[in-house]
Amino acid sequence: MKNYIIKDTTIINEGQRITGDVLIKNQRIEKLGGVINTVEKLVEINGSNQFLLPGAIDDQVHFREPGLTHKANIYTEAKAAIAGGVTSFMEMPNTNPATLTQGLLEEKYQIANQSSLANYSFYIGTSNDNYEEVMKTNAKKNDVCGVKIFMGSSTGNLLVDNHLALNRIFAGSELLIATHCEEERMIKENFERRKREKGILDATDHPIIRNEEECFESSFKAIQLAKKNGSRLHILHISTEKELQLFGNMLPLKDKRITAEVCVHHLHFTSDDYDRLGNQIKCNPAIKAPHNRTALWQGLLDDRLDVIATDHAPHTWEEKNEPYEKAHAGLPLVQHSLLMMLNYVQQGEISLEKVAEKMSHAVATCFQVKERGFIREGYFADLALIDMNQPTTVSKENILYKCGWSPLEGSTFLATITNTFVNGQLVYGNGIWDESIMGQRMKFDR
């Protein structure tokens with residue numbers, strides 16, 4: 001295992017900028033700031049004219065293993081994440097088979113232990129009839145990121161639409177409950193109405209079928225259940241202006257019992273982009289009219305929206321190019337999420353400090369991740385070194401997703417991720433990989 005010193009960099013951490021060195025030993029940050037002199041033999045990284053951020057923690061990805069590995073697997077997508085400065089991920093249960101039992105959950109941990117270059121955790125999935133298995137996760141609250149409830153349609157039998165089942169899970173879970181909030185009844189009604197009106201549907205119909213009202217209805221229902229039961233609720237991928245009225249920003253994040261996530265594609269695309277990209281940006285919940293994007297940015301900056309994630313959801317090119325009604329919903333994004341946000345830094349929409357907060361600090365706080373998400377002495381050295389003056393163009397040649405495509409293909413971002421450290425090891429540096437050490441199972445300080 002190597003030890004490192006990053007020299008003369010600008011450290012972005014907890015709302016501050018500190019210029020100096022960072023000493024990394026035995027997986028952790030041993031010392032930071034100022035000039036660090038040592039007689040030890042260290043690998044030196046030149047950080048001058050670059051910024052050092054805590055590695056991003058993505059709380060919502062779909063890496064497709066087991067059972068759907070023609071789309072992606074834990075190895076390929078974790079590698080893509082690291083190339084994009086994402087050092088830890090929390091992966092969803094809609095694999096095949098769905099992660100509905102403790103045995104299946106542990107199988108995914110074993111796969112990651114052998115193949116993931118990034119740090120990892122996995123959600124236990126819920127259905128209308130697996131309450132007992134979900135409750136067994138309470139005993140693993142220091143080892144599992146949370147419980148996932150699909151309140152809108154998903155893969156297999158993961159939709160939970162039985163009110164009694166929902167109430168039992170909200171009442172019984174001691175872990176954070178993460179919800180996909182869409183109202184299935186309203187989606188079906190909207191689809192049937194649009195089908196009668198138009199006949200053949202296309203991607204431009206997606207935000208009409210999965211509209212603002214159905215998202216609000218489901219998010220409101222989840223919040224009512226959480227308040228009734230005193231649950232710790234985290235609502236994923238908020239996509240509408242209307243939902244923002246459900247969230248507050250008066251409490252410190254550590255004291256919030258109800259938190260919200262926004263995804264990079266809802267901050268980047270609008271319904272105006274369907275004409276250009278079609279099914280490439282078909283996802284659930286849908287990318288909607290431009291006023292929603294504007295509102296989401298405001299909600300992010302004023303802290304009604306707590307964290308930024310990707311909902312990385314790769315599908316094959318063939319699956320995305322089916323006719324609209326058959327085309328799979330989801331976008332591959334984890335390699336480019338930090339680059340997307342750095343572009344908005346360059347445009348003056350958000351600060352580097354706020355990016356570090358929303359993609360690292362806040363995720364660690366929301367999920368009570370142990371010793372990650374901050375650049376602090378004694379913490380694991382999960383770090384991303386970025387050059388804000390070196391552009392990156394997304395192309396087929398540098399896309400690492402197993403699916404081999406991106407809706408961002410051809411886009412040029414104004415920054416580059418030059419080095420990514422995971423647990424104190426330089427896994428990715430200026431295009432060179434060291435895959436000799438695997439990531440670690442994340443722990444939670446609950």
# chains A, B, ... in the order shown; residues from 1 in each chain; ligands from 1
call {"tool": "select_by_dssp", "arguments": {"residues": "range 248-338 of chain A", "states": "strand (DSSP E)", "output": "PyMOL selection string"}}
result
chain A and resi 258-263+307-309
call {"tool": "write_last_selection", "arguments": {"atoms": "C-alpha atoms", "output": "mmCIF file, in the first residue's frame"}}
result
data_model
loop_
_atom_site.group_PDB
_atom_site.id
_atom_site.type_symbol
_atom_site.label_atom_id
_atom_site.label_comp_id
_atom_site.auth_asym_id
_atom_site.auth_seq_id
_atom_site.Cartn_x
_atom_site.Cartn_y
_atom_site.Cartn_z
ATOM 1 C CA ILE A 258 -37.372 14.458 6.046
ATOM 2 C CA THR A 259 -34.815 15.210 3.334
ATOM 3 C CA ALA A 260 -34.824 15.468 -0.443
ATOM 4 C CA GLU A 261 -32.538 14.638 -3.341
ATOM 5 C CA VAL A 262 -32.262 16.248 -6.774
ATOM 6 C CA CYS A 263 -30.579 14.534 -9.718
ATOM 7 C CA VAL A 307 -28.215 16.337 -1.909
ATOM 8 C CA ILE A 308 -27.284 15.890 -5.569
ATOM 9 C CA ALA A 309 -27.246 12.373 -7.079
#
call {"tool": "closest_atom_pairs", "arguments": {"of": "range 51-118 of chain A", "to": "range 161-178 of chain A", "cutoff": "12 Å", "atoms": "only C-alpha atoms", "output": "tab-separated table"}}
result
residue	atom	partner	partner_atom	distance
A:Asp59	CA	A:Ala178	CA	9.6
A:Gln60	CA	A:Ala178	CA	9.5
A:Met90	CA	A:Ala178	CA	11.2
A:Glu91	CA	A:Ala178	CA	11.6
A:Met92	CA	A:Ala178	CA	10.0
A:Pro93	CA	A:Ala178	CA	11.5
call {"tool": "write_last_selection", "arguments": {"atoms": "N, CA and C atoms", "output": "PDB file, in the first residue's frame"}}
result
ATOM      1  N   ASP A  59     -25.916   8.647  -3.796  1.00  0.00           N
ATOM      2  CA  ASP A  59     -26.847   7.847  -2.985  1.00  0.00           C
ATOM      3  C   ASP A  59     -27.896   7.123  -3.813  1.00  0.00           C
ATOM      4  N   GLN A  60     -27.782   7.161  -5.149  1.00  0.00           N
ATOM      5  CA  GLN A  60     -28.796   6.475  -5.957  1.00  0.00           C
ATOM      6  C   GLN A  60     -28.222   6.077  -7.308  1.00  0.00           C
ATOM      7  N   MET A  90     -24.358   4.113  -3.445  1.00  0.00           N
ATOM      8  CA  MET A  90     -25.410   3.327  -2.791  1.00  0.00           C
ATOM      9  C   MET A  90     -26.315   2.816  -3.905  1.00  0.00           C
ATOM     10  N   GLU A  91     -26.434   1.494  -3.991  1.00  0.00           N
ATOM     11  CA  GLU A  91     -27.040   0.886  -5.171  1.00  0.00           C
ATOM     12  C   GLU A  91     -28.420   0.327  -4.867  1.00  0.00           C
ATOM     13  N   MET A  92     -29.279   0.388  -5.863  1.00  0.00           N
ATOM     14  CA  MET A  92     -30.699   0.098  -5.695  1.00  0.00           C
ATOM     15  C   MET A  92     -31.045  -1.377  -5.872  1.00  0.00           C
ATOM     16  N   PRO A  93     -32.203  -1.806  -5.353  1.00  0.00           N
ATOM     17  CA  PRO A  93     -32.532  -3.232  -5.308  1.00  0.00           C
ATOM     18  C   PRO A  93     -33.218  -3.792  -6.545  1.00  0.00           C
TER      19      PRO A  93
END
call {"tool": "closest_residue", "arguments": {"among": "A:Ala203, A:Ile111, A:Leu105, A:Ala364", "to": "Thr137 in chain A", "atoms": "only C-alpha atoms"}}
result
A:Leu105
call {"tool": "residues_around", "arguments": {"residues": "Ile29 in chain A", "least_positions_apart": "6", "cutoff": "12 Å", "atoms": "only C-alpha atoms", "output": "NGL selection string"}}
result
:A and (3-6 or 21-23 or 54 or 371-372 or 374-383 or 421-425)
call {"tool": "select_by_dssp", "arguments": {"residues": "range 80-297 of chain A", "states": "helix (DSSP H, G or I)", "output": "count of residues only"}}
result
110
call {"tool": "residues_around", "arguments": {"residues": "Gly55 in chain A", "least_positions_apart": "4", "cutoff": "7 Å", "atoms": "only C-alpha atoms", "output": "list in words"}}
result
Gly85, Val86, Thr87, Ser360, Gly373, Asp382, Leu383 and Ala384 of chain A
call {"tool": "closest_atom_pairs", "arguments": {"of": "range 103-217 of chain A", "to": "range 238-252 of chain A", "cutoff": "10 Å", "atoms": "only C-alpha atoms", "output": "tab-separated table"}}
result
residue	atom	partner	partner_atom	distance
A:His180	CA	A:Ile238	CA	9.1
A:Cys181	CA	A:Ile238	CA	8.4
A:Asn211	CA	A:Thr240	CA	8.6
A:Glu212	CA	A:Thr240	CA	5.8
A:Glu213	CA	A:Lys242	CA	7.9
A:Cys215	CA	A:Glu243	CA	7.4
A:Phe216	CA	A:Glu243	CA	5.2
A:Glu217	CA	A:Glu243	CA	8.7
call {"tool": "write_last_selection", "arguments": {"atoms": "N, CA and C atoms", "output": "PDB file, in the first residue's frame"}}
result
ATOM      1  N   HIS A 180     -39.013   6.322  -4.070  1.00  0.00           N
ATOM      2  CA  HIS A 180     -39.305   6.771  -5.431  1.00  0.00           C
ATOM      3  C   HIS A 180     -40.775   7.132  -5.434  1.00  0.00           C
ATOM      4  N   CYS A 181     -41.069   8.424  -5.534  1.00  0.00           N
ATOM      5  CA  CYS A 181     -42.447   8.888  -5.367  1.00  0.00           C
ATOM      6  C   CYS A 181     -43.089   9.261  -6.700  1.00  0.00           C
ATOM      7  N   ASN A 211     -46.630  13.523 -14.827  1.00  0.00           N
ATOM      8  CA  ASN A 211     -46.662  14.979 -14.694  1.00  0.00           C
ATOM      9  C   ASN A 211     -46.398  15.455 -13.264  1.00  0.00           C
ATOM     10  N   GLU A 212     -46.490  16.771 -13.087  1.00  0.00           N
ATOM     11  CA  GLU A 212     -46.202  17.388 -11.792  1.00  0.00           C
ATOM     12  C   GLU A 212     -47.165  16.916 -10.707  1.00  0.00           C
ATOM     13  N   GLU A 213     -48.438  16.755 -11.067  1.00  0.00           N
ATOM     14  CA  GLU A 213     -49.452  16.431 -10.067  1.00  0.00           C
ATOM     15  C   GLU A 213     -49.248  15.044  -9.463  1.00  0.00           C
ATOM     16  N   CYS A 215     -46.438  13.357  -9.223  1.00  0.00           N
ATOM     17  CA  CYS A 215     -45.252  13.371  -8.356  1.00  0.00           C
ATOM     18  C   CYS A 215     -45.582  14.000  -6.997  1.00  0.00           C
ATOM     19  N   PHE A 216     -46.286  15.124  -7.042  1.00  0.00           N
ATOM     20  CA  PHE A 216     -46.650  15.802  -5.800  1.00  0.00           C
ATOM     21  C   PHE A 216     -47.524  14.912  -4.922  1.00  0.00           C
ATOM     22  N   GLU A 217     -48.501  14.267  -5.523  1.00  0.00           N
ATOM     23  CA  GLU A 217     -49.428  13.417  -4.770  1.00  0.00           C
ATOM     24  C   GLU A 217     -48.668  12.326  -4.012  1.00  0.00           C
TER      25      GLU A 217
END
call {"tool": "residues_around", "arguments": {"residues": "Leu352 in chain A", "least_positions_apart": "2", "cutoff": "12 Å", "atoms": "only C-alpha atoms", "output": "ChimeraX atom specification"}}
result
/A:10-17,51-54,338-339,341-350,354-360,386,388
call {"tool": "residues_around", "arguments": {"residues": "Asp311 in chain A", "least_positions_apart": "3", "cutoff": "8 Å", "atoms": "only C-alpha atoms", "output": "list of chain:residue names"}}
result
A:Gln60, A:Val61, A:His62, A:His237, A:Cys263, A:Gly330, A:Leu331, A:Leu333
call {"tool": "write_last_selection", "arguments": {"atoms": "C-alpha atoms", "output": "PDB file, in the first residue's frame"}}
result
ATOM      1  CA  GLN A  60     -28.796   6.475  -5.957  1.00  0.00           C
ATOM      2  CA  VAL A  61     -27.367   4.276  -8.684  1.00  0.00           C
ATOM      3  CA  HIS A  62     -28.495   1.192 -10.576  1.00  0.00           C
ATOM      4  CA  HIS A 237     -35.138  12.597  -7.496  1.00  0.00           C
ATOM      5  CA  CYS A 263     -30.579  14.534  -9.718  1.00  0.00           C
ATOM      6  CA  GLY A 330     -33.185   5.718 -17.307  1.00  0.00           C
ATOM      7  CA  LEU A 331     -29.954   7.554 -18.144  1.00  0.00           C
ATOM      8  CA  LEU A 333     -24.736   9.575 -15.719  1.00  0.00           C
TER       9      LEU A 333
END
call {"tool": "residues_around", "arguments": {"residues": "Arg185 in chain A", "least_positions_apart": "2", "cutoff": "12 Å", "atoms": "only C-alpha atoms", "output": "list in words"}}
result
Met151, Gly152, Ser153, Asp161, Glu182, Glu183, Ile187, Lys188, Glu189, Asn190, Phe191, Glu192, Ile209, Arg210, Glu213, Glu214, Cys215, Glu217 and Ser218 of chain A
call {"tool": "write_last_selection", "arguments": {"atoms": "N, CA and C atoms", "output": "short mmCIF file (atom, residue, chain, number, x, y, z; two decimals), in the first residue's frame"}}
result
data_model
loop_
_atom_site.label_atom_id
_atom_site.label_comp_id
_atom_site.auth_asym_id
_atom_site.auth_seq_id
_atom_site.Cartn_x
_atom_site.Cartn_y
_atom_site.Cartn_z
N MET A 151 -42.70 3.71 -4.74
CA MET A 151 -44.12 4.06 -4.68
C MET A 151 -44.66 4.37 -6.07
N GLY A 152 -43.79 4.24 -7.07
CA GLY A 152 -44.16 4.31 -8.48
C GLY A 152 -43.61 3.07 -9.16
N SER A 153 -44.06 2.78 -10.38
CA SER A 153 -43.74 1.53 -11.05
C SER A 153 -42.25 1.35 -11.25
N ASP A 161 -47.82 -0.68 -3.43
CA ASP A 161 -49.01 0.15 -3.58
C ASP A 161 -50.11 -0.23 -2.59
N GLU A 182 -43.95 8.37 -7.17
CA GLU A 182 -44.86 8.66 -8.28
C GLU A 182 -46.16 7.92 -7.98
N GLU A 183 -47.27 8.52 -8.39
CA GLU A 183 -48.59 7.95 -8.08
C GLU A 183 -49.05 7.08 -9.24
N ILE A 187 -50.63 7.93 -13.10
CA ILE A 187 -49.84 7.67 -14.30
C ILE A 187 -50.65 6.86 -15.30
N LYS A 188 -51.33 5.83 -14.83
CA LYS A 188 -52.14 5.00 -15.72
C LYS A 188 -53.27 5.79 -16.35
N GLU A 189 -53.91 6.64 -15.56
CA GLU A 189 -54.99 7.46 -16.10
C GLU A 189 -54.46 8.44 -17.15
N ASN A 190 -53.33 9.05 -16.85
CA ASN A 190 -52.73 10.00 -17.80
C ASN A 190 -52.33 9.31 -19.10
N PHE A 191 -51.78 8.10 -18.97
CA PHE A 191 -51.36 7.36 -20.16
C PHE A 191 -52.57 7.02 -21.03
N GLU A 192 -53.61 6.50 -20.42
CA GLU A 192 -54.79 6.09 -21.20
C GLU A 192 -55.44 7.30 -21.88
N ILE A 209 -47.57 12.39 -19.27
CA ILE A 209 -48.05 11.18 -18.60
C ILE A 209 -47.57 11.13 -17.16
N ARG A 210 -46.29 11.42 -16.94
CA ARG A 210 -45.71 11.44 -15.59
C ARG A 210 -45.52 12.90 -15.20
N GLU A 213 -48.44 16.75 -11.07
CA GLU A 213 -49.45 16.43 -10.07
C GLU A 213 -49.25 15.04 -9.46
N GLU A 214 -48.88 14.07 -10.31
CA GLU A 214 -48.73 12.72 -9.76
C GLU A 214 -47.49 12.62 -8.88
N CYS A 215 -46.44 13.36 -9.22
CA CYS A 215 -45.25 13.37 -8.36
C CYS A 215 -45.58 14.00 -7.00
N GLU A 217 -48.50 14.27 -5.52
CA GLU A 217 -49.43 13.42 -4.77
C GLU A 217 -48.67 12.33 -4.01
N SER A 218 -47.70 11.69 -4.69
CA SER A 218 -46.97 10.60 -4.06
C SER A 218 -46.00 11.11 -2.99
#
call {"tool": "closest_residue", "arguments": {"among": "A:Asn292, A:Thr9, A:Ser337, A:Thr365", "to": "Val264 in chain A", "atoms": "only C-alpha atoms"}}
result
A:Ser337
call {"tool": "atom_distance", "arguments": {"atom1": "CA of Val369 in chain A", "atom2": "CA of Ala295 in chain A"}}
result
28.9 Å
call {"tool": "closest_residue", "arguments": {"among": "A:Lys136, A:His336, A:Arg28, A:His291", "to": "Asn398 in chain A", "atoms": "only C-alpha atoms"}}
result
A:His336
